[in-house]
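*Asks:* File entry_21.txt below, compact mmCIF, C-alpha atoms:
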# COMPACT_ATOMS: atom_id res chain seq x y z
CA MET A 1354 0.00 0.00 0.00
CA LEU A 1355 1.19 3.46 -0.87
CA ALA A 1356 2.63 5.14 2.21
CA LYS A 1357 1.59 8.55 3.52
CA ARG A 1358 4.57 10.89 3.26
CA VAL A 1359 6.11 13.12 5.91
CA ILE A 1360 8.00 16.04 4.39
CA PRO A 1361 10.20 18.56 6.23
CA CYS A 1362 10.50 21.92 4.50
CA LEU A 1363 13.67 24.02 4.61
CA ASP A 1364 13.73 27.72 3.78
CA ILE A 1365 16.88 28.74 1.93
CA LYS A 1366 18.38 32.17 1.43
CA ASN A 1367 21.64 32.68 -0.46
CA GLY A 1368 22.37 28.98 -0.13
CA ARG A 1369 21.84 28.86 3.64
CA THR A 1370 18.93 27.73 5.81
CA VAL A 1371 16.98 30.66 7.14
CA LYS A 1372 14.92 29.69 10.14
CA GLY A 1373 16.89 28.94 13.25
CA VAL A 1374 17.33 25.24 13.74
CA ASN A 1375 18.05 23.40 16.91
CA PHE A 1376 20.42 20.57 16.15
CA GLU A 1377 23.42 20.39 18.44
CA SER A 1378 24.90 17.63 16.30
CA LEU A 1379 25.22 19.93 13.30
CA ARG A 1380 28.65 21.29 12.58
CA ASP A 1381 27.06 24.02 10.54
CA ALA A 1382 23.40 24.58 11.32
CA GLY A 1383 23.07 26.90 8.35
CA ASP A 1384 24.12 24.31 5.79
CA PRO A 1385 21.04 22.84 4.09
CA VAL A 1386 22.99 19.74 3.05
CA GLU A 1387 23.86 18.88 6.65
CA LEU A 1388 20.25 19.29 7.70
CA ALA A 1389 19.02 17.29 4.70
CA LYS A 1390 21.27 14.41 5.71
CA ILE A 1391 19.87 14.38 9.22
CA TYR A 1392 16.25 14.44 8.07
CA SER A 1393 16.91 11.73 5.53
CA GLY A 1394 18.55 9.61 8.23
CA GLU A 1395 15.57 10.13 10.55
CA GLY A 1396 13.19 8.76 7.94
CA ALA A 1397 11.87 11.81 6.09
CA ASP A 1398 10.13 10.59 2.93
CA GLU A 1399 11.00 13.62 0.84
CA LEU A 1400 12.39 17.09 1.40
CA VAL A 1401 11.26 20.48 0.13
CA PHE A 1402 13.72 23.34 -0.26
CA LEU A 1403 12.10 26.71 -0.60
CA ASP A 1404 14.43 29.39 -1.91
CA ILE A 1405 13.50 32.82 -0.67
CA THR A 1406 16.46 34.54 -2.31
CA ALA A 1407 15.10 37.62 -3.99
CA THR A 1408 17.66 38.35 -6.67
CA HIS A 1409 18.14 36.54 -9.93
CA GLU A 1410 21.95 36.37 -9.80
CA LYS A 1411 21.76 34.33 -6.60
CA ARG A 1412 20.04 31.58 -8.59
CA LYS A 1413 23.44 30.17 -9.44
CA THR A 1414 24.03 29.59 -5.75
CA LEU A 1415 20.79 27.60 -5.66
CA VAL A 1416 21.76 25.42 -8.61
CA ALA A 1417 25.11 24.64 -6.98
CA LEU A 1418 23.33 23.81 -3.73
CA VAL A 1419 20.87 21.50 -5.50
CA GLU A 1420 23.78 19.59 -6.97
CA ARG A 1421 25.33 19.13 -3.51
CA ILE A 1422 22.01 17.96 -2.09
CA ALA A 1423 21.48 15.47 -4.92
CA ALA A 1424 24.99 14.12 -4.49
CA THR A 1425 24.41 13.57 -0.78
CA ILE A 1426 20.90 12.31 -0.06
CA ASN A 1427 19.14 9.26 -1.50
CA ILE A 1428 15.52 10.36 -1.16
CA PRO A 1429 13.52 12.61 -3.48
CA PHE A 1430 13.44 16.37 -3.06
CA THR A 1431 11.56 19.34 -4.45
CA VAL A 1432 12.95 22.81 -5.04
CA GLY A 1433 10.72 25.87 -5.13
CA GLY A 1434 10.75 29.63 -4.83
CA GLY A 1435 10.85 32.19 -7.58
CA ILE A 1436 10.79 29.70 -10.46
CA SER A 1437 9.25 31.44 -13.45
CA THR A 1438 10.68 29.98 -16.66
CA VAL A 1439 11.20 26.62 -18.36
CA GLU A 1440 14.95 27.41 -18.28
CA ASP A 1441 14.87 27.70 -14.46
CA VAL A 1442 13.22 24.28 -14.30
CA TYR A 1443 15.69 22.71 -16.71
CA ALA A 1444 18.68 23.96 -14.70
CA LEU A 1445 17.29 22.63 -11.42
CA LEU A 1446 16.27 19.22 -12.79
CA GLN A 1447 19.62 18.81 -14.54
CA SER A 1448 21.35 19.53 -11.24
CA GLY A 1449 19.50 16.63 -9.64
CA ALA A 1450 16.24 18.04 -8.23
CA ASP A 1451 13.41 15.51 -8.58
CA LYS A 1452 10.61 18.04 -8.65
CA ILE A 1453 10.16 21.77 -8.76
CA SER A 1454 7.33 23.75 -7.25
CA LEU A 1455 5.62 26.66 -8.93
CA ASN A 1456 3.52 29.23 -7.17
CA SER A 1457 2.95 32.87 -8.23
CA ALA A 1458 4.44 32.44 -11.70
CA ALA A 1459 1.86 29.76 -12.51
CA VAL A 1460 -1.01 32.05 -11.56
CA ARG A 1461 0.38 34.86 -13.69
CA ASN A 1462 1.07 32.50 -16.58
CA PRO A 1463 -0.90 29.23 -16.33
CA GLU A 1464 0.58 28.00 -19.62
CA LEU A 1465 3.88 27.65 -17.80
CA ILE A 1466 2.37 24.55 -16.16
CA SER A 1467 1.61 22.87 -19.48
CA HIS A 1468 4.98 23.88 -20.96
CA ILE A 1469 6.83 22.28 -18.06
CA ALA A 1470 4.60 19.19 -17.99
CA GLU A 1471 5.06 18.58 -21.72
CA LYS A 1472 8.81 19.03 -21.57
CA PHE A 1473 9.67 17.27 -18.31
CA GLY A 1474 6.52 15.35 -17.32
CA SER A 1475 3.82 16.06 -14.74
CA GLN A 1476 5.64 13.99 -12.13
CA CYS A 1477 8.20 16.74 -11.58
CA LEU A 1478 5.70 19.57 -11.20
CA VAL A 1479 4.30 20.47 -7.79
CA LEU A 1480 1.86 23.36 -7.83
CA ALA A 1481 2.12 25.28 -4.57
CA ILE A 1482 -0.97 27.26 -3.57
CA ASP A 1483 -1.16 29.69 -0.66
CA ALA A 1484 -4.78 30.37 0.20
CA LYS A 1485 -6.78 32.12 2.88
CA GLN A 1486 -10.39 31.58 3.88
CA THR A 1487 -12.65 34.51 4.46
CA ALA A 1488 -16.02 33.62 2.99
CA ASN A 1489 -14.35 31.44 0.37
CA TRP A 1490 -10.82 30.18 -0.05
CA LYS A 1491 -8.91 32.78 -2.07
CA VAL A 1492 -5.48 32.23 -3.63
CA TYR A 1493 -2.68 34.60 -2.56
CA LEU A 1494 0.56 35.41 -4.35
CA ASN A 1495 4.03 36.68 -3.47
CA GLY A 1496 4.34 34.72 -0.27
CA GLY A 1497 0.84 35.64 0.87
CA ARG A 1498 1.14 39.37 0.35
CA LEU A 1499 -1.09 39.74 -2.70
CA GLU A 1500 -4.73 38.67 -2.78
CA THR A 1501 -6.24 37.38 -6.02
CA GLU A 1502 -9.80 36.65 -7.07
CA LEU A 1503 -8.91 33.01 -7.76
CA ASP A 1504 -10.78 30.31 -5.88
CA LEU A 1505 -8.54 27.62 -4.35
CA PHE A 1506 -10.52 24.66 -5.69
CA GLU A 1507 -11.05 26.06 -9.17
CA TRP A 1508 -7.38 26.94 -9.49
CA ALA A 1509 -6.30 23.48 -8.29
CA LYS A 1510 -8.61 21.82 -10.82
CA GLU A 1511 -7.35 24.02 -13.64
CA ALA A 1512 -3.73 23.31 -12.69
CA GLU A 1513 -4.42 19.57 -12.73
CA GLN A 1514 -5.89 19.86 -16.22
CA LEU A 1515 -2.86 21.86 -17.35
CA GLY A 1516 -0.55 19.09 -16.14
CA ALA A 1517 0.42 19.67 -12.49
CA GLY A 1518 1.48 16.40 -10.85
CA GLU A 1519 0.80 17.33 -7.21
CA ILE A 1520 -0.80 20.15 -5.22
CA LEU A 1521 0.97 21.61 -2.19
CA PHE A 1522 -1.69 23.59 -0.34
CA THR A 1523 -0.69 25.96 2.45
CA SER A 1524 -3.51 27.42 4.50
CA MET A 1525 -2.60 30.95 5.56
CA ASN A 1526 -5.26 30.73 8.27
CA HIS A 1527 -3.49 27.75 9.82
CA ASP A 1528 0.18 28.44 9.06
CA GLY A 1529 2.12 29.16 12.25
CA THR A 1530 -0.80 28.42 14.58
CA LYS A 1531 0.25 24.87 15.47
CA ASN A 1532 -3.42 24.03 15.81
CA GLY A 1533 -3.58 21.49 13.01
CA PHE A 1534 -3.94 21.44 9.24
CA ALA A 1535 -6.88 22.88 7.25
CA ASN A 1536 -8.54 19.50 7.04
CA ASP A 1537 -11.94 20.54 5.72
CA ALA A 1538 -10.37 22.36 2.80
CA LEU A 1539 -7.84 19.57 2.25
CA ARG A 1540 -10.58 16.98 2.16
CA GLN A 1541 -12.53 19.03 -0.38
CA LEU A 1542 -9.36 19.54 -2.41
CA SER A 1543 -8.63 15.80 -2.47
CA GLU A 1544 -12.16 15.19 -3.69
CA THR A 1545 -11.80 17.90 -6.36
CA VAL A 1546 -8.56 16.75 -7.99
CA ASN A 1547 -7.20 13.28 -8.76
CA ILE A 1548 -3.54 14.11 -8.14
CA PRO A 1549 -1.78 13.84 -4.77
CA VAL A 1550 -2.37 16.66 -2.26
CA ILE A 1551 0.30 17.75 0.22
CA ALA A 1552 -0.99 19.42 3.40
CA SER A 1553 0.94 22.41 4.71
CA GLY A 1554 0.44 24.93 7.50
CA GLY A 1555 -0.61 24.31 11.08
CA ALA A 1556 1.32 21.23 12.22
CA GLY A 1557 1.90 21.38 15.96
CA ALA A 1558 1.37 17.84 17.26
CA MET A 1559 1.51 14.26 16.07
CA GLU A 1560 -2.27 13.88 16.02
CA HIS A 1561 -2.46 16.71 13.50
CA PHE A 1562 -0.71 14.44 11.01
CA TYR A 1563 -3.08 11.62 11.83
CA ASP A 1564 -6.06 13.91 11.32
CA THR A 1565 -4.85 15.23 7.97
CA PHE A 1566 -4.08 11.73 6.66
CA THR A 1567 -7.51 10.44 7.68
CA TYR A 1568 -10.25 13.07 7.73
CA GLY A 1569 -8.20 15.53 5.63
CA LYS A 1570 -7.46 12.82 3.00
CA ALA A 1571 -3.97 14.28 2.44
CA ASP A 1572 -1.42 12.12 0.65
CA ALA A 1573 1.53 13.84 2.31
CA ALA A 1574 2.06 16.41 5.04
CA LEU A 1575 4.68 19.10 5.20
CA ALA A 1576 6.02 20.98 8.21
CA ALA A 1577 9.01 23.15 9.07
CA SER A 1578 9.50 24.55 12.55
CA ILE A 1579 8.23 21.57 14.56
CA PHE A 1580 10.94 19.48 12.92
CA HIS A 1581 13.62 22.17 12.97
CA PHE A 1582 13.09 22.81 16.68
CA LYS A 1583 12.82 19.09 17.39
CA GLU A 1584 9.38 19.44 18.90
CA ILE A 1585 8.52 16.31 16.95
CA GLY A 1586 11.04 13.73 15.76
CA ILE A 1587 10.29 12.32 12.34
CA ASN A 1588 10.96 8.77 13.40
CA ASP A 1589 8.74 9.17 16.50
CA LEU A 1590 6.01 10.66 14.34
CA LYS A 1591 6.10 7.78 11.88
CA ASN A 1592 6.03 5.20 14.66
CA TYR A 1593 3.03 6.97 16.16
CA LEU A 1594 1.25 6.98 12.79
CA GLN A 1595 1.95 3.30 12.26
CA GLN A 1596 0.49 2.48 15.66
CA LYS A 1597 -2.61 4.36 14.56
CA ALA A 1598 -2.81 2.11 11.47
CA ILE A 1599 -1.57 4.70 8.98
CA THR A 1600 0.70 3.21 6.31
CA VAL A 1601 4.10 4.85 6.60
CA ARG A 1602 7.60 3.88 5.47
CA LEU A 1603 9.49 2.63 8.52
CA MET B 1023 34.41 -2.32 -13.90
CA LYS B 1024 33.15 0.12 -16.48
CA LEU B 1025 29.60 1.33 -15.91
CA VAL B 1026 27.97 3.47 -18.59
CA ILE B 1027 24.77 5.45 -18.06
CA ILE B 1028 23.10 6.03 -21.41
CA ASN B 1029 22.92 9.81 -21.59
CA TYR B 1030 20.00 10.82 -23.78
CA GLY B 1031 18.67 13.71 -21.71
CA ALA B 1032 16.59 11.72 -19.22
CA GLY B 1033 15.65 13.74 -16.14
CA ASN B 1034 17.20 11.42 -13.55
CA THR B 1035 20.60 10.95 -15.19
CA GLN B 1036 22.44 13.07 -12.58
CA SER B 1037 20.65 11.38 -9.69
CA VAL B 1038 21.59 7.94 -11.00
CA LYS B 1039 25.20 9.06 -11.42
CA PHE B 1040 25.27 10.41 -7.86
CA ALA B 1041 23.76 7.18 -6.51
CA PHE B 1042 26.60 5.12 -8.00
CA GLN B 1043 29.16 7.65 -6.79
CA ARG B 1044 27.85 7.09 -3.27
CA LEU B 1045 28.64 3.40 -3.84
CA GLY B 1046 32.19 4.32 -4.84
CA ILE B 1047 31.71 3.83 -8.58
CA THR B 1048 32.28 6.55 -11.14
CA PRO B 1049 29.97 5.91 -14.08
CA VAL B 1050 30.54 7.25 -17.58
CA LEU B 1051 27.67 9.28 -19.03
CA SER B 1052 27.54 8.80 -22.76
CA TYR B 1053 25.39 8.25 -25.82
CA SER B 1054 28.30 7.18 -28.01
CA LYS B 1055 28.03 3.71 -29.48
CA GLU B 1056 31.71 2.95 -28.78
CA GLU B 1057 31.47 3.93 -25.12
CA ILE B 1058 28.28 1.95 -24.59
CA LEU B 1059 29.62 -1.15 -26.33
CA SER B 1060 32.81 -1.02 -24.25
CA ALA B 1061 30.88 -1.02 -20.94
CA ASP B 1062 30.76 -3.98 -18.58
CA LYS B 1063 27.32 -2.93 -17.38
CA ILE B 1064 24.84 -0.36 -18.60
CA ILE B 1065 22.14 1.78 -17.01
CA PHE B 1066 19.23 2.98 -19.12
CA PRO B 1067 17.65 5.73 -17.00
CA GLY B 1068 14.47 7.63 -17.67
CA VAL B 1069 12.22 10.36 -16.42
CA GLY B 1070 10.07 12.24 -18.88
CA HIS B 1071 7.71 11.53 -21.73
CA ALA B 1072 7.86 8.26 -23.75
CA LYS B 1073 7.36 9.82 -27.17
CA ALA B 1074 9.86 12.63 -26.56
CA ALA B 1075 12.38 10.09 -25.26
CA MET B 1076 11.93 7.73 -28.26
CA ASP B 1077 12.48 10.68 -30.61
CA VAL B 1078 15.84 11.37 -28.95
CA LEU B 1079 16.83 7.68 -28.97
CA ARG B 1080 16.03 7.41 -32.71
CA LYS B 1081 17.96 10.57 -33.51
CA LYS B 1082 21.03 9.14 -31.79
CA GLY B 1083 20.62 5.63 -33.27
CA LEU B 1084 20.18 4.22 -29.76
CA ASP B 1085 16.88 2.55 -30.73
CA ILE B 1086 18.92 0.12 -32.86
CA LEU B 1087 21.85 -0.23 -30.46
CA ILE B 1088 20.09 -0.87 -27.12
CA PRO B 1089 18.14 -4.04 -28.09
CA GLN B 1090 21.39 -5.54 -29.46
CA LEU B 1091 23.40 -5.08 -26.28
CA LYS B 1092 24.84 -8.23 -24.74
CA GLN B 1093 25.99 -6.82 -21.39
CA PRO B 1094 23.75 -6.57 -18.33
CA VAL B 1095 21.44 -3.60 -18.86
CA LEU B 1096 19.29 -2.08 -16.09
CA GLY B 1097 16.37 0.10 -17.17
CA ILE B 1098 14.90 2.51 -14.63
CA CYS B 1099 11.33 3.90 -14.67
CA LEU B 1100 10.76 5.31 -18.16
CA GLY B 1101 13.81 3.27 -19.24
CA MET B 1102 11.84 0.14 -18.31
CA GLN B 1103 8.77 1.32 -20.21
CA LEU B 1104 10.84 2.15 -23.30
CA MET B 1105 12.17 -1.43 -23.33
CA CYS B 1106 8.62 -2.56 -24.12
CA LYS B 1107 7.01 -2.76 -27.53
CA PHE B 1108 4.62 0.15 -27.34
CA SER B 1109 3.57 2.92 -24.97
CA GLU B 1110 0.22 4.62 -24.61
CA GLU B 1111 2.16 7.73 -23.57
CA GLY B 1112 2.22 9.47 -26.94
CA ASN B 1113 1.13 6.19 -28.64
CA VAL B 1114 4.67 5.44 -29.63
CA ASP B 1115 6.52 2.31 -30.77
CA CYS B 1116 9.35 1.58 -28.34
CA LEU B 1117 12.38 -0.74 -28.29
CA GLY B 1118 10.48 -4.05 -28.26
CA ILE B 1119 12.84 -5.97 -25.97
CA PHE B 1120 9.75 -6.99 -24.00
CA ASN B 1121 6.65 -7.74 -26.04
CA GLU B 1122 4.35 -5.62 -23.85
CA SER B 1123 2.26 -2.48 -24.20
CA VAL B 1124 2.72 0.19 -21.55
CA LYS B 1125 -0.64 1.38 -20.23
CA LEU B 1126 -2.01 4.45 -18.48
CA PHE B 1127 -3.39 3.79 -14.98
CA GLU B 1128 -7.16 3.94 -14.74
CA PRO B 1129 -7.93 6.86 -12.41
CA LYS B 1130 -9.50 4.69 -9.66
CA LEU B 1131 -6.93 6.13 -7.26
CA LYS B 1132 -4.81 9.24 -7.67
CA VAL B 1133 -2.56 9.31 -10.71
CA PRO B 1134 0.46 9.65 -10.82
CA HIS B 1135 1.36 6.87 -8.39
CA ILE B 1136 3.76 9.01 -6.33
CA GLY B 1137 5.54 7.90 -3.20
CA TRP B 1138 6.89 4.93 -1.31
CA ASN B 1139 5.36 1.52 -1.89
CA LYS B 1140 6.28 -2.07 -1.19
CA THR B 1141 6.57 -4.72 -3.84
CA ASP B 1142 4.51 -7.86 -3.22
CA GLY B 1143 6.08 -10.33 -0.81
CA ASN B 1144 8.91 -7.93 -0.01
CA ASP B 1145 9.43 -5.75 3.03
CA ASP B 1146 11.50 -3.03 1.37
CA TRP B 1147 10.07 0.35 0.45
CA TYR B 1148 10.84 1.77 -2.97
CA TYR B 1149 10.05 5.20 -4.39
CA PHE B 1150 7.69 5.24 -7.38
CA VAL B 1151 6.65 8.15 -9.61
CA HIS B 1152 4.67 7.16 -12.69
CA SER B 1153 1.35 7.38 -14.48
CA TYR B 1154 1.96 4.51 -16.92
CA TYR B 1155 2.80 0.90 -16.08
CA VAL B 1156 4.03 -2.35 -17.59
CA PRO B 1157 1.35 -5.04 -17.12
CA GLN B 1158 2.29 -8.32 -15.49
CA ASN B 1159 3.82 -10.72 -17.99
CA GLU B 1160 5.94 -13.85 -18.20
CA PHE B 1161 9.10 -11.82 -17.53
CA THR B 1162 7.77 -10.09 -14.41
CA THR B 1163 10.05 -10.68 -11.42
CA MET B 1164 8.48 -8.24 -8.93
CA THR B 1165 4.94 -6.90 -8.73
CA CYS B 1166 3.43 -3.93 -6.96
CA ASN B 1167 -0.21 -3.24 -6.27
CA TYR B 1168 -1.59 0.20 -7.03
CA ILE B 1169 -4.89 0.42 -8.91
CA THR B 1170 -3.82 -2.85 -10.53
CA GLN B 1171 -1.08 -5.38 -9.96
CA PHE B 1172 1.67 -4.15 -12.28
CA SER B 1173 5.28 -5.10 -13.02
CA ALA B 1174 7.68 -3.49 -10.54
CA ALA B 1175 10.56 -5.39 -12.15
CA ILE B 1176 11.05 -7.43 -15.30
CA GLN B 1177 13.93 -9.51 -16.60
CA LYS B 1178 14.76 -11.24 -19.84
CA GLU B 1179 18.25 -12.55 -20.59
CA ASN B 1180 20.68 -9.64 -20.02
CA PHE B 1181 17.93 -7.04 -19.76
CA SER B 1182 16.45 -6.17 -16.39
CA ALA B 1183 14.36 -3.18 -15.48
CA VAL B 1184 12.53 -1.62 -12.56
CA GLN B 1185 9.60 0.76 -12.38
CA PHE B 1186 10.73 2.33 -9.09
CA HIS B 1187 13.69 4.66 -8.62
CA PRO B 1188 16.48 2.79 -6.81
CA GLU B 1189 18.55 5.99 -6.94
CA LYS B 1190 15.93 7.68 -4.74
CA SER B 1191 14.86 4.73 -2.60
CA GLY B 1192 17.04 5.21 0.46
CA GLN B 1193 19.00 2.22 1.76
CA ALA B 1194 16.79 -0.33 -0.05
CA GLY B 1195 17.57 1.40 -3.34
CA GLU B 1196 21.29 1.53 -2.63
CA ASP B 1197 21.28 -2.19 -1.87
CA PHE B 1198 19.45 -2.85 -5.12
CA LEU B 1199 22.02 -0.92 -7.20
CA LYS B 1200 24.85 -2.60 -5.33
CA ASN B 1201 23.40 -6.00 -6.25
CA PHE B 1202 23.25 -5.02 -9.90
CA ILE B 1203 26.90 -3.99 -9.81
CA GLU B 1204 28.11 -7.02 -7.90
CA ALA B 1205 25.97 -9.68 -9.56
For the structure just supplied, provide its representation as structure tokens.

*Replies:*
Amino acid sequence: MLAKRVIPCLDIKNGRTVKGVNFESLRDAGDPVELAKIYSGEGADELVFLDITATHEKRKTLVALVERIAATINIPFTVGGGISTVEDVYALLQSGADKISLNSAAVRNPELISHIAEKFGSQCLVLAIDAKQTANWKVYLNGGRLETELDLFEWAKEAEQLGAGEILFTSMNHDGTKNGFANDALRQLSETVNIPVIASGGAGAMEHFYDTFTYGKADAALAASIFHFKEIGINDLKNYLQQKAITVRL
Amino acid sequence: MKLVIINYGAGNTQSVKFAFQRLGITPVLSYSKEEILSADKIIFPGVGHAKAAMDVLRKKGLDILIPQLKQPVLGICLGMQLMCKFSEEGNVDCLGIFNESVKLFEPKLKVPHIGWNKTDGNDDWYYFVHSYYVPQNEFTTMTCNYITQFSAAIQKENFSAVQFHPEKSGQAGEDFLKNFIEA
């Protein structure tokens, strides 16, 4: 049976991890490769690296980093942040990234999704959506700073039709709260599209993962700070999930 | 031992190279006939679209060369599918080493099949990413169950192939590649 995936997310700026991390065993806590190795060793199923570097010239740093990550770890990883052209995608995949994630650029230019899917296959294309619920779920751009008129579910469906291989949905209402994932919306999303859905935003306890994999129907769940600050160990989390009869890779 | 990875632009070529480097082997990446023929063992990788990949293989004459190889050849993911006779992905004629047609999963569960799954009767987890599959056939050596029971591995004479990505399958994947090298 296909396992539910647990995915730590690392924010990267100028080739270094951004958020403070709490790993005494790290020689260099700012080195994403060191952190990736630890997560991989603890049983992470995949990793996501989100580049928040603003400038274009720093992209070369990212490509070099991706190559070091690919040379080191033996699990799949996704790279996202600021990707806006087919050339960006080519450079990252050639360096050894397994998938790339698109966000704002796909909203501004939906054809980018089909161009990438046709050239490299849907399997490498994760569509990241940041959305916030007021009356309805609206899609936001530029890291949540710019509201659009797009509806979360309609946009996800359109992206699937254009060739997205997975949806990574971050609820801005839940992100940072540690009160659990947006399971109602996730459940509706999973019933709307027939591609895997990755839950993001709100993880604070092990039962939140259980809830999102059951009621929320998520195929994978992503979190950052609870792993970085060792509030939850990945191996402990997966053992807990297995005891609760969730299929995980152990 | 000389290991050649057939370099025809497949998406996972670097990852496969890195996986062997972690095992202490430095593979040669090449599409040249001489290099490939001089190899002791050969990897036929693949991530991408079947029709686009077959176009590249034909352009480089690899569609003629690969079925004639006598050394151990390991196909990975799309590489496995291209070893078959035909693929529904782009409705394209492939290499015909295995007399099978590659099919698109019926959307009874989510497609692509993405993530870690076990092969039947085996306790190891392997990483799969695919929307098309090779049906079970007389050359199937491992099966996996997702939507249908499909071929996770096939073997015929010197040609073996896997649907999963050993280069991305953690320790189980490393052990698998090591076995291919040492066998």

*Asks:* Counting only C-alpha atoms, figure out which residue out of A:Ala1512, A:Ile1579, A:Ala1424, A:Ile1405 gets nearest to Ala1389 in chain A.

*Replies:*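 Among the listed residues, the smallest separation from Ala1389 in chain A belongs to A:Ala1424.
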
*Asks:* Which residues of chain A are close to chain B, meaning at most 7 Å apart when you count only C-alpha atoms, and how do they look as a list in words?

*Replies:* Met1354, Leu1355, Ala1356, Ala1423, Ala1424, Asn1427, Ile1428, Pro1429, Leu1446, Gln1447, Ser1448, Gly1449, Phe1473, Gly1474, Gln1476, Gly1518, Asn1547, Ile1548, Pro1549 and Arg1602 of chain A

*Asks:* For CA of Lys1092 in chain B and CA of Ala1061 in chain B, determine how far apart the two atoms are, in Å to one decimal place.

*Replies:*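 Separating CA of Lys1092 in chain B from CA of Ala1061 in chain B is a distance of 10.1 Å.
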
*Asks:* Within 10 Å of Thr1438 in chain A, counting all atoms listed in the file, which residues qualify if same-chain residues fewer than 2 places away don't, as a VMD selection string?

*Replies:* chain A and resid 1435 to 1436 1440 to 1443 1455 1458 to 1459 1462 1465 to 1466 1468 to 1469

*Asks:* Would you kindly return, as number ranges by chain, each protein, DNA or RNA residue with an atom no farther than 8 Å from any atom of Gly1557 in chain A, considering all atoms listed in the file and excluding same-chain residues fewer than 3 positions away?

*Replies:* A: 1530-1533, 1561, 1579

*Asks:* From the set A:Leu1400, A:Ile1520, A:Leu1539, A:Val1550, which residue has the shortest atom-to-atom contact distance to Val1359 in chain A, counting only C-alpha atoms?

*Replies:* A:Leu1400

*Asks:* What is the CA of Leu1505 in chain A-CA of Ala1576 in chain A distance in Å, reported with one decimal?

*Replies:* 20.3 Å

*Asks:* For range 1094-1110 of chain B, list every protein, DNA or RNA residue within 9 Å, evaluated using all atoms listed in the file, and leave out those in the same chain fewer than 3 positions away; present the list as a short mmCIF file (atom, residue, chain, number, x, y, z; two decimals) with C-alpha atoms, in the coordinates of the input.

*Replies:*
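Resulting contents of selection-v6.cif:
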data_model
loop_
_atom_site.label_atom_id
_atom_site.label_comp_id
_atom_site.auth_asym_id
_atom_site.auth_seq_id
_atom_site.Cartn_x
_atom_site.Cartn_y
_atom_site.Cartn_z
CA ALA B 1032 16.59 11.72 -19.22
CA ASP B 1062 30.76 -3.98 -18.58
CA LYS B 1063 27.32 -2.93 -17.38
CA ILE B 1064 24.84 -0.36 -18.60
CA ILE B 1065 22.14 1.78 -17.01
CA PHE B 1066 19.23 2.98 -19.12
CA PRO B 1067 17.65 5.73 -17.00
CA GLY B 1068 14.47 7.63 -17.67
CA VAL B 1069 12.22 10.36 -16.42
CA GLY B 1070 10.07 12.24 -18.88
CA HIS B 1071 7.71 11.53 -21.73
CA ALA B 1072 7.86 8.26 -23.75
CA LYS B 1073 7.36 9.82 -27.17
CA ALA B 1075 12.38 10.09 -25.26
CA MET B 1076 11.93 7.73 -28.26
CA ILE B 1088 20.09 -0.87 -27.12
CA PRO B 1089 18.14 -4.04 -28.09
CA LEU B 1091 23.40 -5.08 -26.28
CA ASN B 1113 1.13 6.19 -28.64
CA VAL B 1114 4.67 5.44 -29.63
CA ASP B 1115 6.52 2.31 -30.77
CA CYS B 1116 9.35 1.58 -28.34
CA LEU B 1117 12.38 -0.74 -28.29
CA GLY B 1118 10.48 -4.05 -28.26
CA ILE B 1119 12.84 -5.97 -25.97
CA PHE B 1120 9.75 -6.99 -24.00
CA ASN B 1121 6.65 -7.74 -26.04
CA GLU B 1122 4.35 -5.62 -23.85
CA SER B 1123 2.26 -2.48 -24.20
CA VAL B 1124 2.72 0.19 -21.55
CA LYS B 1125 -0.64 1.38 -20.23
CA LEU B 1126 -2.01 4.45 -18.48
CA PHE B 1150 7.69 5.24 -7.38
CA VAL B 1151 6.65 8.15 -9.61
CA HIS B 1152 4.67 7.16 -12.69
CA TYR B 1154 1.96 4.51 -16.92
CA TYR B 1155 2.80 0.90 -16.08
CA VAL B 1156 4.03 -2.35 -17.59
CA ALA B 1175 10.56 -5.39 -12.15
CA ILE B 1176 11.05 -7.43 -15.30
CA GLU B 1179 18.25 -12.55 -20.59
CA ASN B 1180 20.68 -9.64 -20.02
CA PHE B 1181 17.93 -7.04 -19.76
CA SER B 1182 16.45 -6.17 -16.39
CA ALA B 1183 14.36 -3.18 -15.48
CA VAL B 1184 12.53 -1.62 -12.56
CA GLN B 1185 9.60 0.76 -12.38
CA PHE B 1186 10.73 2.33 -9.09
CA HIS B 1187 13.69 4.66 -8.62
CA PRO B 1188 16.48 2.79 -6.81
CA PHE B 1202 23.25 -5.02 -9.90
#

*Asks:* Taking all atoms listed in the file into account, which of A:Val1386, A:Ala1558, A:Leu1499, A:Val1601 comes nearest Lys1583 in chain A?

*Replies:*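 Of A:Val1386, A:Ala1558, A:Leu1499, A:Val1601, the one nearest Lys1583 in chain A, counting all atoms listed in the file, is A:Ala1558.
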
*Asks:* Do you have the CA of Lys1024 in chain B-CA of Thr1162 in chain B distance handy?

*Replies:*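 Those two atoms sit 27.4 Å apart.
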